[in-house]
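Q: Just one file: protein-v1.pdb, with PDB, C-alpha atoms.
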```pdb
MODEL        1
ATOM      1  CA  MET A   1      19.958 -14.609 -81.511  1.00  0.00           C
ATOM      2  CA  ASP A   2      21.310 -18.159 -81.722  1.00  0.00           C
ATOM      3  CA  ARG A   3      17.775 -19.568 -81.927  1.00  0.00           C
ATOM      4  CA  GLU A   4      16.914 -17.227 -84.772  1.00  0.00           C
ATOM      5  CA  ILE A   5      20.055 -18.144 -86.724  1.00  0.00           C
ATOM      6  CA  ASP A   6      19.142 -21.809 -86.235  1.00  0.00           C
ATOM      7  CA  ARG A   7      15.610 -21.163 -87.537  1.00  0.00           C
ATOM      8  CA  LEU A   8      16.863 -19.365 -90.644  1.00  0.00           C
ATOM      9  CA  THR A   9      19.475 -22.057 -91.262  1.00  0.00           C
ATOM     10  CA  LYS A  10      16.780 -24.741 -91.439  1.00  0.00           C
ATOM     11  CA  LYS A  11      15.232 -22.827 -94.340  1.00  0.00           C
ATOM     12  CA  GLY A  12      18.407 -23.426 -96.357  1.00  0.00           C
ATOM     13  CA  GLY A  13      21.517 -21.450 -97.183  1.00  0.00           C
ATOM     14  CA  GLY A  14      23.625 -22.331 -94.145  1.00  0.00           C
ATOM     15  CA  TRP A  15      24.317 -20.579 -90.857  1.00  0.00           C
ATOM     16  CA  LEU A  16      26.616 -17.975 -92.412  1.00  0.00           C
ATOM     17  CA  GLN A  17      23.945 -16.720 -94.787  1.00  0.00           C
ATOM     18  CA  ALA A  18      21.391 -16.680 -91.957  1.00  0.00           C
ATOM     19  CA  ALA A  19      23.724 -14.661 -89.732  1.00  0.00           C
ATOM     20  CA  GLN A  20      24.424 -12.240 -92.571  1.00  0.00           C
ATOM     21  CA  ILE A  21      20.701 -11.630 -93.119  1.00  0.00           C
ATOM     22  CA  LEU A  22      20.181 -10.735 -89.468  1.00  0.00           C
ATOM     23  CA  SER A  23      23.345  -8.689 -89.009  1.00  0.00           C
ATOM     24  CA  ARG A  24      22.800  -6.744 -92.227  1.00  0.00           C
ATOM     25  CA  ARG A  25      19.252  -5.865 -91.257  1.00  0.00           C
ATOM     26  CA  VAL A  26      20.064  -4.788 -87.729  1.00  0.00           C
ATOM     27  CA  ASN A  27      23.430  -3.148 -88.360  1.00  0.00           C
ATOM     28  CA  GLY A  28      21.972  -1.203 -91.264  1.00  0.00           C
ATOM     29  CA  THR A  29      19.427   0.497 -89.044  1.00  0.00           C
ATOM     30  CA  LEU A  30      20.317   0.207 -85.338  1.00  0.00           C
ATOM     31  CA  ASP A  31      23.379   0.340 -83.108  1.00  0.00           C
ATOM     32  CA  TRP A  32      24.215  -3.341 -82.646  1.00  0.00           C
ATOM     33  CA  GLU A  33      26.252  -2.739 -79.480  1.00  0.00           C
ATOM     34  CA  GLU A  34      23.116  -1.984 -77.456  1.00  0.00           C
ATOM     35  CA  LEU A  35      21.451  -5.197 -78.611  1.00  0.00           C
ATOM     36  CA  GLY A  36      24.267  -7.652 -78.090  1.00  0.00           C
ATOM     37  CA  PRO A  37      25.108  -7.863 -74.359  1.00  0.00           C
ATOM     38  CA  SER A  38      23.155 -10.160 -72.089  1.00  0.00           C
ATOM     39  CA  GLY A  39      20.505  -8.217 -70.210  1.00  0.00           C
ATOM     40  CA  SER A  40      20.103  -5.519 -72.852  1.00  0.00           C
ATOM     41  CA  ARG A  41      16.676  -3.949 -73.247  1.00  0.00           C
ATOM     42  CA  TYR A  42      15.900  -5.257 -76.748  1.00  0.00           C
ATOM     43  CA  GLN A  43      16.263  -8.933 -77.659  1.00  0.00           C
ATOM     44  CA  ILE A  44      15.756 -10.324 -81.158  1.00  0.00           C
ATOM     45  CA  VAL A  45      12.901 -12.824 -81.252  1.00  0.00           C
ATOM     46  CA  GLY A  46      12.378 -13.206 -84.980  1.00  0.00           C
ATOM     47  CA  SER A  47      13.315 -12.063 -88.454  1.00  0.00           C
ATOM     48  CA  ARG A  48      11.026 -12.963 -91.309  1.00  0.00           C
ATOM     49  CA  GLY A  49       9.484 -11.251 -94.276  1.00  0.00           C
ATOM     50  CA  GLU A  50       9.183  -7.535 -93.714  1.00  0.00           C
ATOM     51  CA  ALA A  51      10.619  -7.043 -90.249  1.00  0.00           C
ATOM     52  CA  VAL A  52      12.950  -7.935 -87.415  1.00  0.00           C
ATOM     53  CA  LEU A  53      10.992  -8.463 -84.184  1.00  0.00           C
ATOM     54  CA  PHE A  54      12.295  -7.416 -80.767  1.00  0.00           C
ATOM     55  CA  TRP A  55      11.151  -8.174 -77.246  1.00  0.00           C
ATOM     56  CA  ASP A  56      11.216  -5.039 -75.067  1.00  0.00           C
ATOM     57  CA  SER A  57      12.315  -6.123 -71.580  1.00  0.00           C
ATOM     58  CA  HIS A  58      11.353  -2.730 -70.106  1.00  0.00           C
ATOM     59  CA  LEU A  59       7.813  -2.758 -71.495  1.00  0.00           C
ATOM     60  CA  LYS A  60       6.888  -6.427 -71.533  1.00  0.00           C
ATOM     61  CA  ASN A  61       3.413  -5.816 -72.901  1.00  0.00           C
ATOM     62  CA  ARG A  62       4.680  -4.990 -76.382  1.00  0.00           C
ATOM     63  CA  ILE A  63       6.642  -6.277 -79.359  1.00  0.00           C
ATOM     64  CA  VAL A  64       8.747  -3.883 -81.446  1.00  0.00           C
ATOM     65  CA  LYS A  65       8.943  -4.351 -85.217  1.00  0.00           C
ATOM     66  CA  LEU A  66      11.794  -2.908 -87.269  1.00  0.00           C
ATOM     67  CA  ARG A  67      11.294  -2.469 -91.004  1.00  0.00           C
ATOM     68  CA  GLY A  68      13.894  -0.923 -93.273  1.00  0.00           C
ATOM     69  CA  ARG A  69      15.230  -0.096 -96.684  1.00  0.00           C
ATOM     70  CA  GLU A  70      16.013  -2.802 -99.213  1.00  0.00           C
ATOM     71  CA  GLU A  71      19.726  -1.920 -99.223  1.00  0.00           C
ATOM     72  CA  ASN A  72      19.823  -2.823 -95.522  1.00  0.00           C
ATOM     73  CA  GLY A  73      18.675  -6.374 -96.194  1.00  0.00           C
ATOM     74  CA  TYR A  74      14.897  -6.087 -95.901  1.00  0.00           C
ATOM     75  CA  GLY A  75      14.122  -7.586 -99.287  1.00  0.00           C
ATOM     76  CA  THR A  76      11.700  -5.808-101.585  1.00  0.00           C
ATOM     77  CA  ALA A  77       9.095  -4.990 -98.914  1.00  0.00           C
ATOM     78  CA  GLY A  78      10.438  -1.521 -98.194  1.00  0.00           C
ATOM     79  CA  PHE A  79       8.859  -0.250 -94.994  1.00  0.00           C
ATOM     80  CA  GLY A  80       6.027  -2.738 -95.405  1.00  0.00           C
ATOM     81  CA  CYS A  81       4.188  -4.349 -98.310  1.00  0.00           C
ATOM     82  CA  ILE A  82       1.131  -2.742 -99.851  1.00  0.00           C
ATOM     83  CA  LEU A  83      -1.143  -3.960-102.641  1.00  0.00           C
ATOM     84  CA  MET A  84      -0.229  -3.011-106.206  1.00  0.00           C
ATOM     85  CA  ARG A  85      -0.942  -4.278-109.690  1.00  0.00           C
ATOM     86  CA  ASN A  86       1.994  -5.802-111.530  1.00  0.00           C
ATOM     87  CA  GLU A  87       2.910  -5.456-115.198  1.00  0.00           C
ATOM     88  CA  ARG A  88       0.273  -8.074-116.080  1.00  0.00           C
ATOM     89  CA  GLY A  89      -2.438  -6.197-114.216  1.00  0.00           C
ATOM     90  CA  MET A  90      -2.650  -8.716-111.372  1.00  0.00           C
ATOM     91  CA  ILE A  91      -2.833  -7.724-107.710  1.00  0.00           C
ATOM     92  CA  GLY A  92       0.353  -8.467-105.812  1.00  0.00           C
ATOM     93  CA  TYR A  93       2.695  -6.888-103.290  1.00  0.00           C
ATOM     94  CA  GLY A  94       4.831  -3.809-103.715  1.00  0.00           C
ATOM     95  CA  PRO A  95       7.196  -1.884-101.419  1.00  0.00           C
ATOM     96  CA  GLY A  96       5.623   0.808 -99.279  1.00  0.00           C
ATOM     97  CA  THR A  97       7.015   4.140 -98.158  1.00  0.00           C
ATOM     98  CA  ILE A  98       6.973   5.149 -94.489  1.00  0.00           C
ATOM     99  CA  SER A  99       3.747   7.110 -94.974  1.00  0.00           C
ATOM    100  CA  GLN A 100       2.164   4.137 -96.744  1.00  0.00           C
ATOM    101  CA  ALA A 101       3.303   1.798 -93.967  1.00  0.00           C
ATOM    102  CA  LEU A 102       1.594   4.015 -91.398  1.00  0.00           C
ATOM    103  CA  GLU A 103      -1.550   4.194 -93.534  1.00  0.00           C
ATOM    104  CA  ARG A 104      -1.571   0.394 -93.717  1.00  0.00           C
ATOM    105  CA  GLU A 105      -1.536   0.214 -89.915  1.00  0.00           C
ATOM    106  CA  ARG A 106      -4.355   2.767 -89.725  1.00  0.00           C
ATOM    107  CA  LEU A 107      -6.426   0.635 -92.093  1.00  0.00           C
ATOM    108  CA  SER A 108      -5.654  -2.436 -90.010  1.00  0.00           C
ATOM    109  CA  TRP A 109      -7.047  -0.755 -86.898  1.00  0.00           C
ATOM    110  CA  VAL A 110     -10.151   0.439 -88.753  1.00  0.00           C
ATOM    111  CA  HIS A 111     -10.973  -2.805 -90.563  1.00  0.00           C
ATOM    112  CA  LEU A 112      -9.501  -5.514 -88.308  1.00  0.00           C
ATOM    113  CA  GLY A 113      -9.534  -3.834 -84.903  1.00  0.00           C
ATOM    114  CA  PHE A 114      -5.850  -4.511 -84.258  1.00  0.00           C
ATOM    115  CA  GLY A 115      -2.473  -3.372 -85.573  1.00  0.00           C
ATOM    116  CA  CYS A 116       0.728  -1.498 -84.802  1.00  0.00           C
ATOM    117  CA  VAL A 117       1.370   2.062 -83.661  1.00  0.00           C
ATOM    118  CA  PHE A 118       4.214   4.358 -84.698  1.00  0.00           C
ATOM    119  CA  ASP A 119       7.228   4.323 -82.381  1.00  0.00           C
ATOM    120  CA  ASP A 120      10.160   6.017 -84.134  1.00  0.00           C
ATOM    121  CA  VAL A 121      12.118   6.586 -87.336  1.00  0.00           C
ATOM    122  CA  ILE A 122      15.711   5.340 -87.301  1.00  0.00           C
ATOM    123  CA  GLY A 123      18.581   7.431 -88.639  1.00  0.00           C
ATOM    124  CA  ASP A 124      18.178   9.157 -91.985  1.00  0.00           C
ATOM    125  CA  VAL A 125      14.897   7.349 -92.674  1.00  0.00           C
ATOM    126  CA  ALA A 126      16.821   4.059 -92.727  1.00  0.00           C
ATOM    127  CA  GLY A 127      14.299   2.223 -90.607  1.00  0.00           C
ATOM    128  CA  LEU A 128      10.809   2.404 -89.148  1.00  0.00           C
ATOM    129  CA  LEU A 129       9.979   1.186 -85.651  1.00  0.00           C
ATOM    130  CA  LEU A 130       6.433   0.052 -84.911  1.00  0.00           C
ATOM    131  CA  ALA A 131       5.078  -1.230 -81.604  1.00  0.00           C
ATOM    132  CA  GLN A 132       2.332  -3.800 -81.138  1.00  0.00           C
ATOM    133  CA  ALA A 133       0.607  -5.134 -78.033  1.00  0.00           C
ATOM    134  CA  PHE A 134       1.989  -8.512 -76.976  1.00  0.00           C
ATOM    135  CA  ILE A 135      -0.630 -11.273 -77.082  1.00  0.00           C
ATOM    136  CA  SER A 136       0.238 -14.488 -75.266  1.00  0.00           C
ATOM    137  CA  GLY A 137      -1.082 -17.385 -77.295  1.00  0.00           C
ATOM    138  CA  SER A 138      -0.543 -19.820 -80.134  1.00  0.00           C
ATOM    139  CA  ALA A 139      -1.163 -20.055 -83.860  1.00  0.00           C
ATOM    140  CA  PRO A 140      -4.777 -20.808 -84.818  1.00  0.00           C
ATOM    141  CA  THR A 141      -5.714 -23.323 -87.495  1.00  0.00           C
ATOM    142  CA  GLU A 142      -6.572 -22.402 -91.072  1.00  0.00           C
ATOM    143  CA  PRO A 143     -10.279 -23.293 -90.524  1.00  0.00           C
ATOM    144  CA  GLU A 144     -10.361 -21.019 -87.463  1.00  0.00           C
ATOM    145  CA  ILE A 145      -8.891 -18.141 -89.476  1.00  0.00           C
ATOM    146  CA  ARG A 146     -11.336 -18.709 -92.311  1.00  0.00           C
ATOM    147  CA  ALA A 147     -14.275 -18.732 -89.893  1.00  0.00           C
ATOM    148  CA  TRP A 148     -13.009 -15.519 -88.258  1.00  0.00           C
ATOM    149  CA  MET A 149     -12.707 -13.706 -91.591  1.00  0.00           C
ATOM    150  CA  ILE A 150     -16.183 -14.773 -92.729  1.00  0.00           C
ATOM    151  CA  GLU A 151     -17.693 -13.843 -89.359  1.00  0.00           C
ATOM    152  CA  HIS A 152     -16.236 -10.347 -89.739  1.00  0.00           C
ATOM    153  CA  GLY A 153     -17.700  -9.856 -93.198  1.00  0.00           C
ATOM    154  CA  TRP A 154     -14.711 -10.670 -95.407  1.00  0.00           C
ATOM    155  CA  GLU A 155     -15.057 -12.418 -98.771  1.00  0.00           C
ATOM    156  CA  SER A 156     -12.414 -14.884 -99.940  1.00  0.00           C
ATOM    157  CA  LEU A 157     -10.483 -14.033-103.111  1.00  0.00           C
ATOM    158  CA  GLU A 158      -9.256 -17.601-103.558  1.00  0.00           C
ATOM    159  CA  GLU A 159     -11.028 -17.952-106.917  1.00  0.00           C
ATOM    160  CA  THR A 160     -10.338 -14.405-108.123  1.00  0.00           C
ATOM    161  CA  ARG A 161      -8.302 -14.393-111.322  1.00  0.00           C
ATOM    162  CA  ASP A 162      -6.801 -10.912-110.980  1.00  0.00           C
ATOM    163  CA  VAL A 163      -4.956 -11.800-107.746  1.00  0.00           C
ATOM    164  CA  THR A 164      -1.488 -13.328-108.100  1.00  0.00           C
ATOM    165  CA  VAL A 165      -1.849 -17.115-107.849  1.00  0.00           C
ATOM    166  CA  THR A 166       0.521 -17.517-104.895  1.00  0.00           C
ATOM    167  CA  LEU A 167      -1.465 -15.001-102.821  1.00  0.00           C
ATOM    168  CA  ARG A 168      -5.043 -16.117-103.508  1.00  0.00           C
ATOM    169  CA  GLN A 169      -5.420 -18.705-100.769  1.00  0.00           C
ATOM    170  CA  HIS A 170      -4.969 -16.141 -97.993  1.00  0.00           C
ATOM    171  CA  ALA A 171      -6.478 -13.080 -99.706  1.00  0.00           C
ATOM    172  CA  TRP A 172      -9.766 -11.495 -98.621  1.00  0.00           C
ATOM    173  CA  ARG A 173     -11.871  -8.491 -99.523  1.00  0.00           C
ATOM    174  CA  ARG A 174     -14.498  -6.372 -97.798  1.00  0.00           C
ATOM    175  CA  GLY A 175     -15.809  -3.589 -99.995  1.00  0.00           C
ATOM    176  CA  LYS A 176     -12.858  -1.641-101.399  1.00  0.00           C
ATOM    177  CA  ILE A 177     -10.393  -2.964 -98.799  1.00  0.00           C
ATOM    178  CA  GLY A 178      -8.191  -6.037 -99.156  1.00  0.00           C
ATOM    179  CA  ALA A 179      -6.754  -8.100 -96.296  1.00  0.00           C
ATOM    180  CA  PHE A 180      -3.946 -10.309 -97.586  1.00  0.00           C
ATOM    181  CA  ASP A 181      -1.583 -12.854 -96.016  1.00  0.00           C
ATOM    182  CA  ALA A 182      -4.284 -14.060 -93.607  1.00  0.00           C
ATOM    183  CA  ASN A 183      -2.496 -17.251 -92.575  1.00  0.00           C
ATOM    184  CA  GLU A 184      -1.560 -18.964 -89.311  1.00  0.00           C
ATOM    185  CA  THR A 185       1.705 -17.022 -88.936  1.00  0.00           C
ATOM    186  CA  ASN A 186      -0.158 -13.704 -88.937  1.00  0.00           C
ATOM    187  CA  PHE A 187      -2.794 -14.506 -86.315  1.00  0.00           C
ATOM    188  CA  ILE A 188      -2.542 -15.250 -82.603  1.00  0.00           C
ATOM    189  CA  LYS A 189      -5.135 -17.201 -80.631  1.00  0.00           C
ATOM    190  CA  SER A 190      -5.067 -15.637 -77.180  1.00  0.00           C
ATOM    191  CA  ASP A 191      -4.412 -17.803 -74.125  1.00  0.00           C
ATOM    192  CA  VAL A 192      -6.508 -15.358 -72.088  1.00  0.00           C
ATOM    193  CA  ASP A 193      -9.795 -15.018 -73.975  1.00  0.00           C
ATOM    194  CA  GLY A 194      -9.479 -17.573 -76.789  1.00  0.00           C
ATOM    195  CA  GLN A 195     -10.047 -14.860 -79.390  1.00  0.00           C
ATOM    196  CA  LEU A 196      -8.098 -14.515 -82.647  1.00  0.00           C
ATOM    197  CA  TYR A 197      -5.996 -11.391 -83.155  1.00  0.00           C
ATOM    198  CA  PRO A 198      -4.712 -10.433 -86.639  1.00  0.00           C
ATOM    199  CA  ILE A 199      -1.140  -9.352 -85.971  1.00  0.00           C
ATOM    200  CA  ASP A 200       0.422  -8.761 -89.384  1.00  0.00           C
ATOM    201  CA  LEU A 201      -2.028  -8.805 -92.289  1.00  0.00           C
ATOM    202  CA  ILE A 202      -1.497  -6.586 -95.318  1.00  0.00           C
ATOM    203  CA  VAL A 203      -4.526  -4.295 -95.286  1.00  0.00           C
ATOM    204  CA  TRP A 204      -4.789  -1.914 -98.216  1.00  0.00           C
ATOM    205  CA  THR A 205      -7.239  -0.445-100.693  1.00  0.00           C
ATOM    206  CA  ILE A 206      -7.797  -2.823-103.623  1.00  0.00           C
ATOM    207  CA  PRO A 207      -5.894  -1.309-106.588  1.00  0.00           C
ATOM    208  CA  GLU A 208      -8.051  -0.241-109.527  1.00  0.00           C
TER     209      GLU A 208
ENDMDL
END
```
Please lay out the structure from this file as structure tokens.

A:
Amino acid sequence: MDREIDRLTKKGGGWLQAAQILSRRVNGTLDWEELGPSGSRYQIVGSRGEAVLFWDSHLKNRIVKLRGREENGYGTAGFGCILMRNERGMIGYGPGTISQALERERLSWVHLGFGCVFDDVIGDVAGLLLAQAFISGSAPTEPEIRAWMIEHGWESLEETRDVTVTLRQHAWRRGKIGAFDANETNFIKSDVDGQLYPIDLIVWTIPE
């Protein structure tokens, strides 16, 4: 927890704001008391973008991801970003419902061969828990990611004008399916087999 507050603090806003982000997210969806004591089953390992990540000390081969409603501090991602067209007709991100979040994971398995599986719904649909296999490794380089995407038949959308400018560099397409946010924070290069695993790309049908 302290390490995560330190990481968020370095991004600006001070330690108090960082602590508020974490506590609001977790307290809005889970019982904090079970997470706080030393030796508890779930330990916070990260909080960025769409989710809070937990290490499961009982099942050490998985990572648990908690996504939640905007009013609980999860930004505008809802239960996970999907692709939508904005008011100018450009492809960008929009908040997904629980059913859309699960469909996104299904598409990830089909088109990337890796993703999350459903674990549970928290409270009165306040949060969504997803589980993902833990891959021991490190972040690959941008050239390695680019080579992996091309090898698997994806076409870069870097020069595509109808994709929001800030998303183009890491946006790809294969047929009618888009794979966005393909950067070094969303891939793991395995220590075991040296292969790249896409752990958190936004996979969705390209909006018409």

Q: List as a PDB file with C-alpha atoms, in the coordinates of the input the residues having at least one atom at most 10 Å from position (-6.5, -3.5, -91.3) as given in the file, counting only C-alpha atoms.

A:
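Wrote it out as part_18.pdb, contents follow:
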```pdb
ATOM      1  CA  GLU A 103      -1.550   4.194 -93.534  1.00  0.00           C
ATOM      2  CA  ARG A 104      -1.571   0.394 -93.717  1.00  0.00           C
ATOM      3  CA  GLU A 105      -1.536   0.214 -89.915  1.00  0.00           C
ATOM      4  CA  ARG A 106      -4.355   2.767 -89.725  1.00  0.00           C
ATOM      5  CA  LEU A 107      -6.426   0.635 -92.093  1.00  0.00           C
ATOM      6  CA  SER A 108      -5.654  -2.436 -90.010  1.00  0.00           C
ATOM      7  CA  TRP A 109      -7.047  -0.755 -86.898  1.00  0.00           C
ATOM      8  CA  VAL A 110     -10.151   0.439 -88.753  1.00  0.00           C
ATOM      9  CA  HIS A 111     -10.973  -2.805 -90.563  1.00  0.00           C
ATOM     10  CA  LEU A 112      -9.501  -5.514 -88.308  1.00  0.00           C
ATOM     11  CA  GLY A 113      -9.534  -3.834 -84.903  1.00  0.00           C
ATOM     12  CA  PHE A 114      -5.850  -4.511 -84.258  1.00  0.00           C
ATOM     13  CA  GLY A 115      -2.473  -3.372 -85.573  1.00  0.00           C
ATOM     14  CA  CYS A 116       0.728  -1.498 -84.802  1.00  0.00           C
ATOM     15  CA  ILE A 177     -10.393  -2.964 -98.799  1.00  0.00           C
ATOM     16  CA  GLY A 178      -8.191  -6.037 -99.156  1.00  0.00           C
ATOM     17  CA  ALA A 179      -6.754  -8.100 -96.296  1.00  0.00           C
ATOM     18  CA  PHE A 180      -3.946 -10.309 -97.586  1.00  0.00           C
ATOM     19  CA  PRO A 198      -4.712 -10.433 -86.639  1.00  0.00           C
ATOM     20  CA  ILE A 199      -1.140  -9.352 -85.971  1.00  0.00           C
ATOM     21  CA  ASP A 200       0.422  -8.761 -89.384  1.00  0.00           C
ATOM     22  CA  LEU A 201      -2.028  -8.805 -92.289  1.00  0.00           C
ATOM     23  CA  ILE A 202      -1.497  -6.586 -95.318  1.00  0.00           C
ATOM     24  CA  VAL A 203      -4.526  -4.295 -95.286  1.00  0.00           C
ATOM     25  CA  TRP A 204      -4.789  -1.914 -98.216  1.00  0.00           C
ATOM     26  CA  THR A 205      -7.239  -0.445-100.693  1.00  0.00           C
TER      27      THR A 205
END
```

Q: Taking the file as shown, what set of residues would the PyMOL selection byres ((chain A and resi 195) around 12) give back, as a list in words?

A: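 That expression, the PyMOL selection byres ((chain A and resi 195) around 12), corresponds here to Ile135, Ser136, Gly137, Ser138, Ala139, Pro140, Glu144, Ile145, Ala147, Trp148, Phe187, Ile188, Lys189, Ser190, Asp191, Val192, Asp193, Gly194, Leu196, Tyr197 and Pro198 of chain A.
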
Q: Which residue out of A:Met149, A:Ala171, A:Ile63, A:Cys81 has the minimum interatomic distance to Asp119 (chain A) when all atoms listed in the file are used?

A: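 Under the stated criterion, the closest residue is A:Ile63.
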
Q: Report the residues retrieved by the PyMOL selection byres ((chain A and resi 157) around 6) from the displayed file, expressed as a list in words.

A: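 With the shown file as input, the PyMOL selection byres ((chain A and resi 157) around 6) matches Ser156, Glu158, Glu159, Thr160, Arg168, Ala171 and Trp172 of chain A.
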
Q: Between CA of Thr185 (chain A) and CA of His58 (chain A), what is the distance, to one decimal in Å?

A: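 One can read the CA of Thr185 (chain A) to CA of His58 (chain A) distance as 25.5 Å.
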
Q: Just the number, please: distance in Å from CA of Phe79 (chain A) to CA of Pro95 (chain A), one decimal.

A: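 One can read the CA of Phe79 (chain A) to CA of Pro95 (chain A) distance as 6.8 Å.
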
Q: CA of Ala51 (chain A) to CA of Thr166 (chain A): how many Å, to one decimal?

A: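 Straight-line distance from CA of Ala51 (chain A) to CA of Thr166 (chain A) works out to 20.6 Å.
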
Q: Find the spatial neighbours of Ile91 (chain A), counting all atoms listed in the file, within a cut-off of 6 Å - ignore same-chain residues fewer than 5 positions away - and output them as number ranges by chain.

A: A: 84-85, 163-164

Q: Using all atoms listed in the file, find the one residue out of A:Leu128, A:Phe118, A:Glu142, A:Leu66 that sits nearest to Leu53 (chain A).

A: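 Ranking A:Leu128, A:Phe118, A:Glu142, A:Leu66 by distance to Leu53 (chain A), first place goes to A:Leu66.
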
Q: My list of candidates is A:Lys176, A:Arg88, A:Arg25, A:Arg48. Which is closest to Arg69 (chain A) when distances are computed with all atoms listed in the file?

A: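 Of the candidates, the smallest distance to Arg69 (chain A) is held by A:Arg25.
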
Q: Written as a list in words, which residues does the PyMOL selection byres ((chain A and resi 55) around 12) give for the file shown?

A: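 Output of the PyMOL selection byres ((chain A and resi 55) around 12): Met1, Leu35, Gly39, Ser40, Arg41, Tyr42, Gln43, Ile44, Val45, Gly46, Val52, Leu53, Phe54, Asp56, Ser57, His58, Leu59, Lys60, Asn61, Arg62, Ile63, Val64, Lys65, Leu66, Ala131, Gln132, Ala133 and Phe134 of chain A.
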
Q: Missing atoms in region 42-57 of chain A need filling: write out N, CA and C atoms for it as an mmCIF file, in the coordinates of the input.

A:
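File written: part-v7.cif
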```cif
data_model
loop_
_atom_site.group_PDB
_atom_site.id
_atom_site.type_symbol
_atom_site.label_atom_id
_atom_site.label_comp_id
_atom_site.auth_asym_id
_atom_site.auth_seq_id
_atom_site.Cartn_x
_atom_site.Cartn_y
_atom_site.Cartn_z
ATOM 1 N N TYR A 42 16.551 -4.661 -75.588
ATOM 2 C CA TYR A 42 15.900 -5.257 -76.748
ATOM 3 C C TYR A 42 16.569 -6.574 -77.128
ATOM 4 N N GLN A 43 15.765 -7.616 -77.278
ATOM 5 C CA GLN A 43 16.263 -8.933 -77.659
ATOM 6 C C GLN A 43 15.565 -9.380 -78.940
ATOM 7 N N ILE A 44 16.342 -9.853 -79.909
ATOM 8 C CA ILE A 44 15.756 -10.324 -81.158
ATOM 9 C C ILE A 44 14.964 -11.605 -80.913
ATOM 10 N N VAL A 45 13.723 -11.619 -81.385
ATOM 11 C CA VAL A 45 12.901 -12.824 -81.252
ATOM 12 C C VAL A 45 12.506 -13.405 -82.601
ATOM 13 N N GLY A 46 12.734 -12.676 -83.674
ATOM 14 C CA GLY A 46 12.378 -13.206 -84.980
ATOM 15 C C GLY A 46 12.805 -12.280 -86.095
ATOM 16 N N SER A 47 12.973 -12.854 -87.278
ATOM 17 C CA SER A 47 13.315 -12.063 -88.454
ATOM 18 C C SER A 47 12.770 -12.778 -89.672
ATOM 19 N N ARG A 48 11.622 -12.316 -90.148
ATOM 20 C CA ARG A 48 11.026 -12.963 -91.309
ATOM 21 C C ARG A 48 10.275 -11.923 -92.126
ATOM 22 N N GLY A 49 10.264 -12.134 -93.418
ATOM 23 C CA GLY A 49 9.484 -11.251 -94.276
ATOM 24 C C GLY A 49 9.904 -9.803 -94.161
ATOM 25 N N GLU A 50 8.985 -8.977 -93.709
ATOM 26 C CA GLU A 50 9.183 -7.535 -93.714
ATOM 27 C C GLU A 50 10.047 -7.006 -92.583
ATOM 28 N N ALA A 51 10.114 -7.694 -91.457
ATOM 29 C CA ALA A 51 10.619 -7.043 -90.249
ATOM 30 C C ALA A 51 11.515 -7.936 -89.408
ATOM 31 N N VAL A 52 12.282 -7.273 -88.527
ATOM 32 C CA VAL A 52 12.950 -7.935 -87.415
ATOM 33 C C VAL A 52 12.124 -7.616 -86.173
ATOM 34 N N LEU A 53 11.824 -8.639 -85.369
ATOM 35 C CA LEU A 53 10.992 -8.463 -84.184
ATOM 36 C C LEU A 53 11.859 -8.458 -82.932
ATOM 37 N N PHE A 54 11.549 -7.536 -82.017
ATOM 38 C CA PHE A 54 12.295 -7.416 -80.767
ATOM 39 C C PHE A 54 11.351 -7.504 -79.576
ATOM 40 N N TRP A 55 11.830 -8.158 -78.536
ATOM 41 C CA TRP A 55 11.151 -8.174 -77.246
ATOM 42 C C TRP A 55 11.697 -7.017 -76.424
ATOM 43 N N ASP A 56 10.819 -6.189 -75.879
ATOM 44 C CA ASP A 56 11.216 -5.039 -75.067
ATOM 45 C C ASP A 56 11.137 -5.441 -73.598
ATOM 46 N N SER A 57 12.293 -5.635 -72.959
ATOM 47 C CA SER A 57 12.315 -6.123 -71.580
ATOM 48 C C SER A 57 11.866 -5.063 -70.578
#
```
